[in-house]
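The structure appears below as structure tokens.
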Amino acid sequence: MDSSRSLCCIVVLILFGISIQYQSSASEIDEIQTALLLVNVSEGSAKEIPDTLFGIFFEEINHAGAGGLWAELVSNRDFEFGDSSVPSPWAIIGNNSSVIVSTDLSSCFDRNKVALRVEVLCDNTGANVCLDGGIGVYNPGFWGMNIEQGKSYQLVFYLRSDGPVNLSVALTGSNGLTNLATTPVLVANASNWTKVMVTLEAEGTDPNSRLELRSTTKGVMWFDQVSLMPLDTYNGHGFRKDLFEMLQDLKPAFLRFPGGCFVEGAKLSNAFWWKETIGPWEERPGHFGDVWGYWTDDGLGHFEFLQLAEDLGALPVWVFNSGISHKEQVNTSNISPFVQDVLEGLEFARGASNSTWGSVRAEMGHPESFDLRYVAVGNEDCEKKFPQYKGNYLKFHSAIKEAYPDIKIISNCDGSSKLLDHPADLYDFHIYASANDVFSNASRFNGAPRSGPKAFISEYATKDDAGNGNLLAALAEAGFLIGVEKNSDVIEMASYAPLFVNNNNRRWTPDAIVFTSSQVYGTPSYWMQHFFKESNGATLIDSTLQDNNLSNSLIASVIKWRNETDDNDYIRIKVVNFGNNTVTLNISISGLENSLQPSGATKTILTSSNVMDENAFTYPKKIIPVETMLDKVGENMDVVLLPYSITSIDLLTKSISI
């Protein structure tokens with residue numbers, strides 16, 4: 001055979017092989033690219049979804065509160081954290097020949113005795129003249145203070161001095177050279193502790209600003225409780241507006257607080273104790289959160305958490321310490337003081353304004369009781385290493401039910417496989433796992449007991465392969481939540497964790513919302529939750545997915561919900577495509593009785609070109625839901641599901657009685 005004929009034969013064989021391979025692949029793609037969703041909108045198949053199903057969980061982790069949602073701009077405002085020299089992040093303006101800075105225990109506040117002593121060695125005349133502008137101290141806040149032109153900031157501090165005070169307070173750029181706001185403070189006699197309040201009007205913008213306290217007069221001054229708050233917090237309640245609005249947009253049904261491990265502490269002495277976090281902010285001792293490794297002044301305390309829930313229109317879920325830390329546990333025989341403390345905490349939230357602890361709440365500006373209906377006894381304490389938990393739990397349960405029989409009590413013990421051996425209204429369930437495991441756990445509650453306590457999935461998230469919060473994680477979690485929705489007869493609540501992270505202090509990753517002093521963005525996991533915010537109190541519609549062996553990558557649910565904006569009823573179909581193929585989904589709806597409207601339908605998609613893509617400050621909305629109008633609407637319709645995507649279809653209907 002000559003070379004030309006041989007080459008020809010080879011080419012023919014290659015082309016034939018490619019053709020066979022293509023036909024085989026094409027038929028395989030055709031086989032896996034189609035799926036059928038049967039939707040039955042009839043009264044007998046519908047189920048009511050709890051109006052508490054989807055909410056949020058706030059823990060003081062990643063500087064979520066201190067340096068985050070709580071708008072206080074001064075870090076370590078009480079000087080309680082740090083050594084006896086200059087407590088971090090405070091720093092000196094000047095040198096050793098002009099100023100000596102240290103701390104002592106001379107504060108007028110009994111529960112936080114540390115004060116900052118500033119001895120000015122220079123003067124405005126003589127041999128040792130102070131630097132231009134004066135010497136003193138400055139505070140850079142939590143990785144920079146965000147000062148914005150035209151906005152007002154209230155500065156409050158306590159001052160004592162051995163002579164008259166001539167002080168300059170200023171907001172400057174990070175290097176102290178750019179002046180954004182300044183005002184003099186003159187006090188003729190500050191021999192006793194004196195409260196100083198001034199308002200600073202910003203004439204410039206810098207997200208990395210600092211607060212300066214300067215003097216050019218020789219003498220000794222003491223400072224304590226130095227606070228700087230923007231005056232435009234949400235409702236004047238102290239919450240940073242842009243971060244609050246991120247929460248508000250989720251329409252959370254509940255707020256679980258304040259932790260998490262933050263509630264337990266590595267040691268009980270560093271746990272969150274509610275009484276230490278109420279009353280005037282100046283009198284709160286603050287504490288070191290030894291699990292997450294930073295100090296908090298507890299400006300965001302028990303009262304503020306209850307207020308946050310109320311401002312969000314969410315039910316508060318108070319998690320209290322069960323007498324157990326990561327390293328210690330109180331014997332059940334000694335748990336009575338802890339139980340009494342919780343009962344008093346409940347009276348603070350719910351008691352009449354003339355009751356012992358209700359009156360404290362009233363003095364703080366909230367005479368009406370808070371709508372506290374849920375409490376959780378501890379966090380992740382029902383394990384073999386904590387044998388005292390069940391005994392402690394029963395003491396709390398008995399006392400709370402006697403005093404407040406309507407309050408629902410949440411046990412840490414898992415009841416998803418078998419009924420609990422102790423009384424509870426709900427049981428806590430946490431899941432942190434790989435994307436595949438989270439997605440596959442959509443069926444986790446299919447076999448859960450249909451009677452007894454319901455589940456509170458208070459912490460769920462993709463962990464191992466989620467990066468800093470990628471699309472893959474969001475898809476896995478969306479699939480899991482569809483399973484939660486379909487099992488909402490045995491699941492009462494679910495919330496993602498953690499909620500916030502300051503980009504300068506990533507103690508845990510991924511998180512739902514990332515921020516700095518001046519910026520914020522939602523991760524795909526944050527935007528994923530928007531697909532479920534209309535599910536609270538909606539009606540679950542019966543649906544069956546026939547997916548041609550796509551059960552490992554495709555999951556769907558259908559709800560009927562009412563839009564409060566236009567007062568119309570909608571059928572929402574949610575589908576997660578966890579696979580790398582495009583799927584044509586045929587939707588067949590029965591039982592609508594010709595109520596489907598030809599217009600007003602929308603299609604919303606969350607996806608990206610790469611499943612590992614993330615949002616970032618440079619492209620904060622790379623992965624967000626994209627909504628388009630849906631033209632071809634009918635009781636039988638085809639919808640294309642992109643690879644690795646969440647798709648939501650809202651169909652406008654006439655009022656349907658289900």
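If you're wondering about the labels, chains in the structure tokens are A, B, ... by order shown, residues count from 1 in each chain, ligands from 1 in order shown.
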
Write out as a JSON list (two decimals) with all heavy atoms, in the first residue's frame each polymer residue whose atoms come within 12 Å of segment 395-398 of chain A, counting only C-alpha atoms; drop sequence neighbours fewer than 2 positions from it.
[["chain", "number", "residue", "atom", "x", "y", "z"],
["A", 320, "PHE", "N", -28.09, 30.91, 76.08],
["A", 320, "PHE", "CA", -27.41, 31.23, 77.33],
["A", 320, "PHE", "C", -26.49, 30.10, 77.75],
["A", 320, "PHE", "O", -26.61, 28.95, 77.29],
["A", 320, "PHE", "CB", -28.41, 31.58, 78.45],
["A", 320, "PHE", "CG", -29.42, 30.49, 78.76],
["A", 320, "PHE", "CD1", -29.07, 29.35, 79.48],
["A", 320, "PHE", "CD2", -30.74, 30.62, 78.34],
["A", 320, "PHE", "CE1", -30.00, 28.37, 79.78],
["A", 320, "PHE", "CE2", -31.69, 29.64, 78.62],
["A", 320, "PHE", "CZ", -31.31, 28.51, 79.34],
["A", 321, "ASN", "N", -25.55, 30.42, 78.60],
["A", 321, "ASN", "CA", -24.56, 29.44, 79.07],
["A", 321, "ASN", "C", -25.22, 28.42, 79.98],
["A", 321, "ASN", "O", -25.99, 28.78, 80.88],
["A", 321, "ASN", "CB", -23.42, 30.16, 79.79],
["A", 321, "ASN", "CG", -22.26, 29.24, 80.10],
["A", 321, "ASN", "OD1", -22.33, 28.42, 81.00],
["A", 321, "ASN", "ND2", -21.18, 29.41, 79.37],
["A", 322, "SER", "N", -24.92, 27.16, 79.75],
["A", 322, "SER", "CA", -25.54, 26.07, 80.50],
["A", 322, "SER", "C", -24.71, 25.64, 81.70],
["A", 322, "SER", "O", -24.95, 24.57, 82.28],
["A", 322, "SER", "CB", -25.75, 24.86, 79.58],
["A", 322, "SER", "OG", -24.50, 24.34, 79.15],
["A", 323, "GLY", "N", -23.73, 26.48, 82.07],
["A", 323, "GLY", "CA", -22.81, 26.07, 83.13],
["A", 323, "GLY", "C", -21.63, 25.30, 82.59],
["A", 323, "GLY", "O", -20.93, 24.62, 83.34],
["A", 331, "ASN", "N", -21.13, 21.26, 88.09],
["A", 331, "ASN", "CA", -21.92, 20.10, 88.50],
["A", 331, "ASN", "C", -23.37, 20.50, 88.69],
["A", 331, "ASN", "O", -23.68, 21.60, 89.16],
["A", 331, "ASN", "CB", -21.35, 19.54, 89.81],
["A", 331, "ASN", "CG", -21.94, 18.19, 90.15],
["A", 331, "ASN", "OD1", -23.08, 18.08, 90.58],
["A", 331, "ASN", "ND2", -21.15, 17.14, 89.94],
["A", 332, "THR", "N", -24.26, 19.62, 88.29],
["A", 332, "THR", "CA", -25.69, 19.90, 88.36],
["A", 332, "THR", "C", -26.13, 20.30, 89.77],
["A", 332, "THR", "O", -27.03, 21.13, 89.94],
["A", 332, "THR", "CB", -26.50, 18.69, 87.89],
["A", 332, "THR", "OG1", -26.14, 18.39, 86.52],
["A", 332, "THR", "CG2", -28.00, 18.95, 87.96],
["A", 333, "SER", "N", -25.47, 19.78, 90.78],
["A", 333, "SER", "CA", -25.83, 20.12, 92.16],
["A", 333, "SER", "C", -25.52, 21.58, 92.48],
["A", 333, "SER", "O", -26.04, 22.12, 93.47],
["A", 333, "SER", "CB", -25.09, 19.20, 93.14],
["A", 333, "SER", "OG", -23.68, 19.36, 93.00],
["A", 334, "ASN", "N", -24.70, 22.22, 91.65],
["A", 334, "ASN", "CA", -24.31, 23.61, 91.90],
["A", 334, "ASN", "C", -24.84, 24.57, 90.82],
["A", 334, "ASN", "O", -24.38, 25.71, 90.73],
["A", 334, "ASN", "CB", -22.79, 23.73, 91.96],
["A", 334, "ASN", "CG", -22.17, 22.90, 93.07],
["A", 334, "ASN", "OD1", -22.71, 22.85, 94.18],
["A", 334, "ASN", "ND2", -21.06, 22.25, 92.78],
["A", 335, "ILE", "N", -25.81, 24.13, 90.03],
["A", 335, "ILE", "CA", -26.24, 24.91, 88.87],
["A", 335, "ILE", "C", -27.30, 25.96, 89.23],
["A", 335, "ILE", "O", -27.61, 26.84, 88.41],
["A", 335, "ILE", "CB", -26.77, 23.98, 87.75],
["A", 335, "ILE", "CG1", -26.73, 24.69, 86.39],
["A", 335, "ILE", "CG2", -28.18, 23.48, 88.08],
["A", 335, "ILE", "CD1", -25.36, 25.02, 85.91],
["A", 336, "SER", "N", -27.85, 25.92, 90.44],
["A", 336, "SER", "CA", -28.97, 26.81, 90.80],
["A", 336, "SER", "C", -28.69, 28.29, 90.54],
["A", 336, "SER", "O", -29.56, 29.00, 90.01],
["A", 336, "SER", "CB", -29.37, 26.60, 92.25],
["A", 336, "SER", "OG", -29.90, 25.31, 92.42],
["A", 337, "PRO", "N", -27.52, 28.85, 90.88],
["A", 337, "PRO", "CA", -27.28, 30.27, 90.60],
["A", 337, "PRO", "C", -27.34, 30.60, 89.10],
["A", 337, "PRO", "O", -27.78, 31.69, 88.73],
["A", 337, "PRO", "CB", -25.88, 30.51, 91.16],
["A", 337, "PRO", "CG", -25.67, 29.43, 92.18],
["A", 337, "PRO", "CD", -26.40, 28.25, 91.64],
["A", 338, "PHE", "N", -26.91, 29.68, 88.26],
["A", 338, "PHE", "CA", -26.97, 29.87, 86.82],
["A", 338, "PHE", "C", -28.43, 29.90, 86.35],
["A", 338, "PHE", "O", -28.80, 30.69, 85.49],
["A", 338, "PHE", "CB", -26.20, 28.77, 86.09],
["A", 338, "PHE", "CG", -24.72, 28.80, 86.32],
["A", 338, "PHE", "CD1", -24.16, 28.31, 87.50],
["A", 338, "PHE", "CD2", -23.86, 29.31, 85.36],
["A", 338, "PHE", "CE1", -22.80, 28.34, 87.72],
["A", 338, "PHE", "CE2", -22.49, 29.35, 85.56],
["A", 338, "PHE", "CZ", -21.96, 28.87, 86.75],
["A", 339, "VAL", "N", -29.23, 29.01, 86.92],
["A", 339, "VAL", "CA", -30.66, 28.97, 86.57],
["A", 339, "VAL", "C", -31.34, 30.27, 86.98],
["A", 339, "VAL", "O", -32.11, 30.86, 86.21],
["A", 339, "VAL", "CB", -31.35, 27.76, 87.24],
["A", 339, "VAL", "CG1", -32.85, 27.80, 87.00],
["A", 339, "VAL", "CG2", -30.75, 26.46, 86.74],
["A", 340, "GLN", "N", -31.05, 30.74, 88.18],
["A", 340, "GLN", "CA", -31.64, 31.99, 88.65],
["A", 340, "GLN", "C", -31.23, 33.16, 87.76],
["A", 340, "GLN", "O", -32.03, 34.05, 87.46],
["A", 340, "GLN", "CB", -31.23, 32.26, 90.10],
["A", 340, "GLN", "CG", -31.84, 33.50, 90.71],
["A", 340, "GLN", "CD", -33.37, 33.45, 90.74],
["A", 340, "GLN", "OE1", -33.97, 32.39, 90.90],
["A", 340, "GLN", "NE2", -34.00, 34.61, 90.58],
["A", 341, "ASP", "N", -29.98, 33.15, 87.33],
["A", 341, "ASP", "CA", -29.49, 34.21, 86.45],
["A", 341, "ASP", "C", -30.28, 34.25, 85.14],
["A", 341, "ASP", "O", -30.61, 35.33, 84.65],
["A", 341, "ASP", "CB", -28.00, 33.98, 86.16],
["A", 341, "ASP", "CG", -27.40, 35.10, 85.34],
["A", 341, "ASP", "OD1", -27.25, 36.21, 85.86],
["A", 341, "ASP", "OD2", -27.07, 34.85, 84.16],
["A", 342, "VAL", "N", -30.60, 33.10, 84.60],
["A", 342, "VAL", "CA", -31.37, 33.03, 83.35],
["A", 342, "VAL", "C", -32.80, 33.50, 83.58],
["A", 342, "VAL", "O", -33.36, 34.24, 82.76],
["A", 342, "VAL", "CB", -31.34, 31.60, 82.77],
["A", 342, "VAL", "CG1", -32.37, 31.45, 81.66],
["A", 342, "VAL", "CG2", -29.94, 31.27, 82.25],
["A", 343, "LEU", "N", -33.40, 33.11, 84.69],
["A", 343, "LEU", "CA", -34.76, 33.57, 85.00],
["A", 343, "LEU", "C", -34.80, 35.09, 85.09],
["A", 343, "LEU", "O", -35.75, 35.74, 84.61],
["A", 343, "LEU", "CB", -35.25, 32.94, 86.30],
["A", 343, "LEU", "CG", -35.51, 31.43, 86.27],
["A", 343, "LEU", "CD1", -35.91, 30.93, 87.65],
["A", 343, "LEU", "CD2", -36.60, 31.08, 85.25],
["A", 375, "VAL", "N", -35.51, 30.12, 73.77],
["A", 375, "VAL", "CA", -34.20, 30.13, 74.43],
["A", 375, "VAL", "C", -33.51, 28.79, 74.14],
["A", 375, "VAL", "O", -34.17, 27.76, 73.99],
["A", 375, "VAL", "CB", -34.30, 30.34, 75.95],
["A", 375, "VAL", "CG1", -34.85, 31.72, 76.28],
["A", 375, "VAL", "CG2", -35.12, 29.25, 76.62],
["A", 376, "ALA", "N", -32.19, 28.85, 74.07],
["A", 376, "ALA", "CA", -31.40, 27.64, 73.86],
["A", 376, "ALA", "C", -30.49, 27.44, 75.06],
["A", 376, "ALA", "O", -29.80, 28.37, 75.49],
["A", 376, "ALA", "CB", -30.57, 27.75, 72.58],
["A", 377, "VAL", "N", -30.50, 26.24, 75.59],
["A", 377, "VAL", "CA", -29.70, 25.91, 76.76],
["A", 377, "VAL", "C", -28.32, 25.46, 76.28],
["A", 377, "VAL", "O", -28.12, 24.31, 75.91],
["A", 377, "VAL", "CB", -30.37, 24.82, 77.62],
["A", 377, "VAL", "CG1", -29.56, 24.57, 78.89],
["A", 377, "VAL", "CG2", -31.80, 25.20, 77.95],
["A", 378, "GLY", "N", -27.37, 26.40, 76.25],
["A", 378, "GLY", "CA", -26.00, 26.08, 75.86],
["A", 378, "GLY", "C", -25.82, 25.98, 74.35],
["A", 378, "GLY", "O", -26.75, 26.19, 73.56],
["A", 388, "GLN", "N", -22.34, 16.62, 82.43],
["A", 388, "GLN", "CA", -23.25, 17.38, 83.28],
["A", 388, "GLN", "C", -24.36, 18.04, 82.47],
["A", 388, "GLN", "O", -25.31, 18.57, 83.07],
["A", 388, "GLN", "CB", -22.47, 18.46, 84.04],
["A", 388, "GLN", "CG", -21.42, 17.93, 85.00],
["A", 388, "GLN", "CD", -22.02, 17.11, 86.13],
["A", 388, "GLN", "OE1", -23.11, 17.40, 86.61],
["A", 388, "GLN", "NE2", -21.32, 16.07, 86.54],
["A", 389, "TYR", "N", -24.26, 18.02, 81.14],
["A", 389, "TYR", "CA", -25.20, 18.82, 80.36],
["A", 389, "TYR", "C", -26.65, 18.45, 80.60],
["A", 389, "TYR", "O", -27.50, 19.32, 80.87],
["A", 389, "TYR", "CB", -24.90, 18.74, 78.86],
["A", 389, "TYR", "CG", -25.92, 19.51, 78.05],
["A", 389, "TYR", "CD1", -25.91, 20.90, 78.03],
["A", 389, "TYR", "CD2", -26.95, 18.85, 77.36],
["A", 389, "TYR", "CE1", -26.88, 21.63, 77.33],
["A", 389, "TYR", "CE2", -27.92, 19.57, 76.65],
["A", 389, "TYR", "CZ", -27.86, 20.96, 76.64],
["A", 389, "TYR", "OH", -28.83, 21.66, 75.97],
["A", 390, "LYS", "N", -26.98, 17.17, 80.48],
["A", 390, "LYS", "CA", -28.40, 16.79, 80.58],
["A", 390, "LYS", "C", -28.97, 17.11, 81.95],
["A", 390, "LYS", "O", -30.12, 17.56, 82.06],
["A", 390, "LYS", "CB", -28.58, 15.32, 80.23],
["A", 390, "LYS", "CG", -28.41, 15.04, 78.74],
["A", 390, "LYS", "CD", -28.77, 13.61, 78.39],
["A", 390, "LYS", "CE", -28.60, 13.35, 76.90],
["A", 390, "LYS", "NZ", -28.91, 11.95, 76.53],
["A", 391, "GLY", "N", -28.19, 16.90, 82.99],
["A", 391, "GLY", "CA", -28.67, 17.25, 84.33],
["A", 391, "GLY", "C", -28.89, 18.74, 84.47],
["A", 391, "GLY", "O", -29.91, 19.19, 85.01],
["A", 392, "ASN", "N", -27.93, 19.53, 83.96],
["A", 392, "ASN", "CA", -28.08, 20.98, 83.98],
["A", 392, "ASN", "C", -29.28, 21.42, 83.16],
["A", 392, "ASN", "O", -30.08, 22.28, 83.57],
["A", 392, "ASN", "CB", -26.82, 21.66, 83.45],
["A", 392, "ASN", "CG", -25.62, 21.48, 84.37],
["A", 392, "ASN", "OD1", -25.73, 20.88, 85.43],
["A", 392, "ASN", "ND2", -24.48, 22.01, 83.95],
["A", 393, "TYR", "N", -29.41, 20.82, 81.97],
["A", 393, "TYR", "CA", -30.51, 21.17, 81.07],
["A", 393, "TYR", "C", -31.86, 20.98, 81.76],
["A", 393, "TYR", "O", -32.75, 21.85, 81.67],
["A", 393, "TYR", "CB", -30.43, 20.32, 79.81],
["A", 393, "TYR", "CG", -31.66, 20.46, 78.93],
["A", 393, "TYR", "CD1", -31.73, 21.45, 77.96],
["A", 393, "TYR", "CD2", -32.75, 19.61, 79.08],
["A", 393, "TYR", "CE1", -32.86, 21.61, 77.17],
["A", 393, "TYR", "CE2", -33.89, 19.75, 78.30],
["A", 393, "TYR", "CZ", -33.94, 20.75, 77.34],
["A", 393, "TYR", "OH", -35.06, 20.90, 76.57],
["A", 400, "ILE", "N", -37.69, 27.24, 83.84],
["A", 400, "ILE", "CA", -38.22, 28.14, 82.81],
["A", 400, "ILE", "C", -39.67, 27.82, 82.50],
["A", 400, "ILE", "O", -40.51, 28.72, 82.38],
["A", 400, "ILE", "CB", -37.35, 28.06, 81.54],
["A", 400, "ILE", "CG1", -35.95, 28.63, 81.81],
["A", 400, "ILE", "CG2", -38.00, 28.82, 80.38],
["A", 400, "ILE", "CD1", -34.96, 28.38, 80.69],
["A", 401, "LYS", "N", -39.99, 26.54, 82.37],
["A", 401, "LYS", "CA", -41.37, 26.16, 82.05],
["A", 401, "LYS", "C", -42.33, 26.54, 83.17],
["A", 401, "LYS", "O", -43.49, 26.87, 82.92],
["A", 401, "LYS", "CB", -41.44, 24.65, 81.77],
["A", 401, "LYS", "CG", -40.91, 24.25, 80.40],
["A", 401, "LYS", "CD", -41.73, 24.85, 79.27],
["A", 401, "LYS", "CE", -41.30, 24.37, 77.91],
["A", 401, "LYS", "NZ", -42.07, 24.98, 76.80],
["A", 402, "GLU", "N", -41.83, 26.50, 84.41],
["A", 402, "GLU", "CA", -42.69, 26.88, 85.52],
["A", 402, "GLU", "C", -42.98, 28.38, 85.48],
["A", 402, "GLU", "O", -44.11, 28.82, 85.73],
["A", 402, "GLU", "CB", -42.03, 26.52, 86.85],
["A", 402, "GLU", "CG", -42.88, 26.87, 88.06],
["A", 402, "GLU", "CD", -42.24, 26.45, 89.37],
["A", 402, "GLU", "OE1", -41.19, 25.77, 89.35],
["A", 402, "GLU", "OE2", -42.79, 26.83, 90.43],
["A", 403, "ALA", "N", -41.97, 29.17, 85.16],
["A", 403, "ALA", "CA", -42.14, 30.62, 85.16],
["A", 403, "ALA", "C", -42.71, 31.16, 83.85],
["A", 403, "ALA", "O", -43.50, 32.12, 83.85],
["A", 403, "ALA", "CB", -40.80, 31.30, 85.45],
["A", 404, "TYR", "N", -42.33, 30.54, 82.74],
["A", 404, "TYR", "CA", -42.75, 31.00, 81.41],
["A", 404, "TYR", "C", -43.13, 29.78, 80.56],
["A", 404, "TYR", "O", -42.35, 29.33, 79.71],
["A", 404, "TYR", "CB", -41.62, 31.77, 80.72],
["A", 404, "TYR", "CG", -41.13, 32.97, 81.50],
["A", 404, "TYR", "CD1", -40.03, 32.86, 82.35],
["A", 404, "TYR", "CD2", -41.75, 34.20, 81.39],
["A", 404, "TYR", "CE1", -39.57, 33.96, 83.07],
["A", 404, "TYR", "CE2", -41.31, 35.30, 82.10],
["A", 404, "TYR", "CZ", -40.21, 35.17, 82.94],
["A", 404, "TYR", "OH", -39.77, 36.26, 83.65],
["A", 405, "PRO", "N", -44.30, 29.21, 80.79],
["A", 405, "PRO", "CA", -44.67, 27.96, 80.11],
["A", 405, "PRO", "C", -44.75, 28.09, 78.59],
["A", 405, "PRO", "O", -44.67, 27.08, 77.88],
["A", 405, "PRO", "CB", -46.04, 27.62, 80.71],
["A", 405, "PRO", "CG", -46.54, 28.90, 81.31],
["A", 405, "PRO", "CD", -45.33, 29.65, 81.74],
["A", 406, "ASP", "N", -44.89, 29.31, 78.07],
["A", 406, "ASP", "CA", -45.02, 29.48, 76.62],
["A", 406, "ASP", "C", -43.67, 29.51, 75.91],
["A", 406, "ASP", "O", -43.61, 29.38, 74.68],
["A", 406, "ASP", "CB", -45.77, 30.77, 76.32],
["A", 406, "ASP", "CG", -45.02, 32.00, 76.82],
["A", 406, "ASP", "OD1", -44.69, 32.02, 78.03],
["A", 406, "ASP", "OD2", -44.75, 32.91, 76.02],
["A", 407, "ILE", "N", -42.60, 29.72, 76.63],
["A", 407, "ILE", "CA", -41.28, 29.81, 75.99],
["A", 407, "ILE", "C", -40.87, 28.43, 75.47],
["A", 407, "ILE", "O", -40.98, 27.42, 76.17],
["A", 407, "ILE", "CB", -40.23, 30.35, 76.97],
["A", 407, "ILE", "CG1", -40.42, 31.86, 77.15],
["A", 407, "ILE", "CG2", -38.81, 30.08, 76.48],
["A", 407, "ILE", "CD1", -39.39, 32.53, 78.02],
["A", 408, "LYS", "N", -40.38, 28.43, 74.23],
["A", 408, "LYS", "CA", -39.90, 27.19, 73.64],
["A", 408, "LYS", "C", -38.42, 27.02, 73.96],
["A", 408, "LYS", "O", -37.62, 27.93, 73.76],
["A", 408, "LYS", "CB", -40.12, 27.19, 72.13],
["A", 408, "LYS", "CG", -41.59, 27.11, 71.73],
["A", 408, "LYS", "CD", -41.76, 26.90, 70.24],
["A", 408, "LYS", "CE", -43.22, 26.71, 69.86],
["A", 408, "LYS", "NZ", -43.41, 26.44, 68.41],
["A", 409, "ILE", "N", -38.07, 25.82, 74.44],
["A", 409, "ILE", "CA", -36.72, 25.55, 74.92],
["A", 409, "ILE", "C", -36.01, 24.61, 73.95],
["A", 409, "ILE", "O", -36.57, 23.58, 73.53],
["A", 409, "ILE", "CB", -36.76, 24.96, 76.34],
["A", 409, "ILE", "CG1", -37.46, 25.94, 77.29],
["A", 409, "ILE", "CG2", -35.36, 24.63, 76.83],
["A", 409, "ILE", "CD1", -37.64, 25.41, 78.70],
["A", 410, "ILE", "N", -34.78, 24.96, 73.61],
["A", 410, "ILE", "CA", -34.01, 24.24, 72.61],
["A", 410, "ILE", "C", -32.90, 23.46, 73.30],
["A", 410, "ILE", "O", -32.07, 24.03, 74.02],
["A", 410, "ILE", "CB", -33.41, 25.22, 71.58],
["A", 410, "ILE", "CG1", -34.51, 26.08, 70.96],
["A", 410, "ILE", "CG2", -32.64, 24.47, 70.50],
["A", 410, "ILE", "CD1", -34.00, 27.35, 70.31],
["A", 411, "SER", "N", -32.86, 22.16, 73.05],
["A", 411, "SER", "CA", -31.82, 21.29, 73.59],
["A", 411, "SER", "C", -30.66, 21.20, 72.60],
["A", 411, "SER", "O", -30.85, 21.28, 71.39],
["A", 411, "SER", "CB", -32.39, 19.89, 73.84],
["A", 411, "SER", "OG", -31.34, 18.96, 74.09],
["A", 422, "HIS", "N", -35.28, 13.40, 76.79],
["A", 422, "HIS", "CA", -35.60, 14.45, 77.76],
["A", 422, "HIS", "C", -36.54, 15.45, 77.09],
["A", 422, "HIS", "O", -36.59, 15.55, 75.86],
["A", 422, "HIS", "CB", -34.33, 15.15, 78.27],
["A", 422, "HIS", "CG", -33.47, 15.68, 77.18],
["A", 422, "HIS", "ND1", -32.55, 14.90, 76.49],
["A", 422, "HIS", "CD2", -33.37, 16.93, 76.63],
["A", 422, "HIS", "CE1", -31.92, 15.64, 75.58],
["A", 422, "HIS", "NE2", -32.41, 16.87, 75.64],
["A", 423, "PRO", "N", -37.30, 16.20, 77.87],
["A", 423, "PRO", "CA", -38.28, 17.12, 77.27],
["A", 423, "PRO", "C", -37.60, 18.29, 76.56],
["A", 423, "PRO", "O", -36.60, 18.84, 77.04],
["A", 423, "PRO", "CB", -39.08, 17.61, 78.48],
["A", 423, "PRO", "CG", -38.15, 17.45, 79.64],
["A", 423, "PRO", "CD", -37.32, 16.24, 79.34],
["A", 424, "ALA", "N", -38.14, 18.66, 75.44],
["A", 424, "ALA", "CA", -37.64, 19.81, 74.66],
["A", 424, "ALA", "C", -38.68, 20.19, 73.64],
["A", 424, "ALA", "O", -39.46, 19.35, 73.17],
["A", 424, "ALA", "CB", -36.32, 19.47, 73.99],
["A", 425, "ASP", "N", -38.68, 21.46, 73.25],
["A", 425, "ASP", "CA", -39.55, 21.91, 72.17],
["A", 425, "ASP", "C", -38.84, 21.80, 70.83],
["A", 425, "ASP", "O", -39.47, 21.55, 69.80],
["A", 425, "ASP", "CB", -39.99, 23.36, 72.42],
["A", 425, "ASP", "CG", -40.82, 23.49, 73.68],
["A", 425, "ASP", "OD1", -41.96, 22.99, 73.69],
["A", 425, "ASP", "OD2", -40.32, 24.08, 74.66]]

Spatial neighbours of Pro280 of chain A, max dist 10 Å, only C-alpha atoms, sep filter under 5 positions, as an MDAnalysis selection string
chainID A and resid 299 363:364

Since we have the selection now, will you write its residues out, keeping C-alpha atoms, as a PDB file, in the first residue's frame?
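Generated output (result.pdb):
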ATOM      1  CA  GLY A 299     -21.486  47.871  73.910  1.00  0.00           C
ATOM      2  CA  GLU A 363     -34.587  52.682  82.317  1.00  0.00           C
ATOM      3  CA  MET A 364     -32.619  51.795  79.203  1.00  0.00           C
TER       4      MET A 364
END

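DSSP, applied to the backbone of this structure, assigns strand (DSSP E or B) to the following residues of segment 233-355 of chain A: A:Tyr234, A:Phe239, A:Phe254, A:Leu255, A:Arg256, A:Phe257, A:His287, A:Phe288, A:Gly289, A:Tyr294, A:Trp295, A:Thr296, A:Leu315, A:Pro316, A:Val317, A:Trp318, A:Val319, A:Phe320, A:Ile324, A:Gln329.
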
I'd like the interatomic distance between atom CA of Ala309 of chain A and atom CA of Arg444 of chain A, to a tenth of an Å.
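Between atom CA of Ala309 of chain A and atom CA of Arg444 of chain A the gap is 29.5 Å.
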
Show which residues sit within 8 Å of segment 45-51 of chain A, as a ChimeraX atom specification. Count only C-alpha atoms, and ignore same-chain residues fewer than 2 positions away.
/A:40-43,53,253,485,488-489,492,535-542,658

Which residues come within 9 Å of Ser107 of chain A, counting only C-alpha atoms, excluding same-chain residues fewer than 5 positions away, as JSON, numbers by chain?
{"A": [112, 113, 114, 115, 116, 193, 222, 223, 224]}

Atom pair atom CA of Thr602 of chain A / atom CA of Ser648 of chain A: separation (Å):
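Pair atom CA of Thr602 of chain A / atom CA of Ser648 of chain A returns 8.1 Å.
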
Would you return as an MDAnalysis selection string the members of segment 333-420 of chain A that DSSP assigns to alpha helix (DSSP H) on this structure's backbone?
chainID A and resid 336:350 358:363 389:403

Option closest in space to Lys267 of chain A, from A:Glu614, A:Glu344, A:Glu328, A:Glu383 [counting only C-alpha atoms]
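Closest residue, counting only C-alpha atoms: A:Glu328.
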